[in-house]
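Chemist: This is the structure I want to talk about, given as structure tokens.
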Amino acid sequence: MWDTRGLKAREYRRLSDRKGGKSLDDQGRDNELAADEQEWTLGDPYIDDGRSASRYARRRRDDFDRLVADLASGATGRQSAFGADILMLWESSRGSRQVGEWVSFIELCEQRAVRIWVTTHERLYDPANGRDRKALIDDAVDSEYESYKTHRRLVRTAPADAARGRPYGKAPYGLRPVYDQKNGNLLTWEADPDRAHVVQALFEILEAGHSPADAQREFVKRGYLNASDRPFQREQLRAMAIRHAYAGLRYYKGTAYKGTWDGIVPEPQFWAVHGRLTAADRATSPGGELLHAVTAVLTCGRCGKLMAPRYEEGRPDSYRCSACGVKIQMRGVDELLIGTREVPGVLLAYLARPDLYERLRAPSSTDLTVRQVQADLARARAERDELKSATGETLAEVRVLAASLDRKEAQVLELEARERQLLLPAAVLSLVQPDRDIWDSWAAAPMRSRRMVARLILGPGYLGRPCVLRSTHAGRNQPAAADRIEWRHDDPSPPVKPGP
């Protein structure tokens, strides 16, 4: 036996599931008692909360990676950043449930002369000892097999659980788990009274037409913090805004099922926000800001695809079709469609018409019918996009997918037409006020609102779709934007150029 009194130890704690595992605090207490009994000095712990160690894990174990880096940083245990003689684990599976990873880790401990204490075994292992090494590896083999059995069980039951609306995984921010008091099994989720209002505020901000970057700035003003007690980042807020769980929905492989829990935001509100954040025409700046209103409507006259902004050093900014390469200078298009206060473009000139307000009065965007159509449309678009990415293994499956996609496309077109009919006046009336200059209204509106208005007015039912034709000649002296844009309508009549 070794005399290990007076040595220094550090512990690695890990918890993948709060429901079924030994809590991190309990692991720490057990390890601390063991260190006291062995007369070891206990250093700072490495801790991974909510992280699996199996080969099916999707999230990295940050502190385990830091532990490995610290062990590898020096020639011996005392010289490395690990700075201890002993690594304490509550049980060996806390380290890894992957045999290959665990063997490499044991070899690293051997190279650094670090021994491994397993609290549940009440034993200190020496990686340089053949018997100790075999015992540790045998544990890893058993743990990996248990992970495999758990994974296969979940794969078999996941579709049925999803169809029943059962929650899965860690409750997202704003929701909290509800457990069966008798057996500790997860029953459902419920609104977290301390956090649900933050999620509701996020959806209110985004539904009003603001971007996740706008919401981030507003959250800083309000002092809202994430689960790590840090300010929310734009990417976090966007990811939250497309989580079906907040509308009380269980999402599984392209289908949204009614969950067993109540949503903390209305389903129509969720789908409206989801649709805007996942729209194909949502071109943004590197900082996440929406920059161009006409990106939602400017179409390639050759292939019919939406054109996106393109920035090339030494060349004028342009809009370009990614499919066939047709492009047009951005400045000319913006002047033609938007213009300036003194010389408004086609769109703003139309919105400035004095009779427009009375002509377009219709239901508010908060009208129940409008919100339901928006929710149905967003859901249909999401399902259509899933069908587009699906693949069939047999000819029969391919045919079924194609037929389903055709039906879903028809449903989307029908709902889009219904939304235009209901929502056009509501969207436009947010800008067209009888006693307000249209340029001031346009400049003050969020970019999302501008895009919505542009998409509706510059469409077949009103001014027509602006379609960019291929230039008649190459070089810098391109024809004016007005000469390269056709205004296309649903009817087969020749394209026309609208007047003011």
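Going by the structure tokens order, chains are called A, B, ..., each with residues numbered from 1, while ligands are numbered from 1 in the order shown.
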Show which residues sit within 9 Å of A:Gln374, as a list of chain:residue names. Count only C-alpha atoms, and ignore same-chain residues fewer than 4 positions away.
Modeler: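 Near A:Gln374, the qualifying residues are A:Pro268, A:Gln269, A:Trp271, A:Ala272, A:Gly275, A:Thr369, A:Val370, A:Ala378, A:Arg379, A:Leu415, A:Glu416, A:Glu419.
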Chemist: Report as number ranges by chain: the residues of stretch 106-138 of chain A with a DSSP assignment of strand (DSSP E), based on the backbone of this structure.
Modeler: A: 115-118, 123-125
Chemist: Go ahead and write the residues just picked, C-alpha atoms, as a tab-separated table (two decimals), in the first residue's frame.
Modeler:
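What ended up in again11.tsv:
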```tsv
chain	number	residue	atom	x	y	z
A	115	ARG	CA	-3.38	8.24	-9.72
A	116	ILE	CA	-7.16	7.90	-9.94
A	117	TRP	CA	-9.41	7.64	-6.90
A	118	VAL	CA	-12.96	6.29	-7.37
A	123	ARG	CA	-10.04	2.66	-3.87
A	124	LEU	CA	-7.01	4.41	-5.38
A	125	TYR	CA	-5.94	3.12	-8.80
```
Chemist: Work out how far apart atom CA of A:Leu401 and atom CA of A:Glu386 are and give it in Å to one decimal.
Modeler: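 Between these atoms lies a distance of 10.5 Å.
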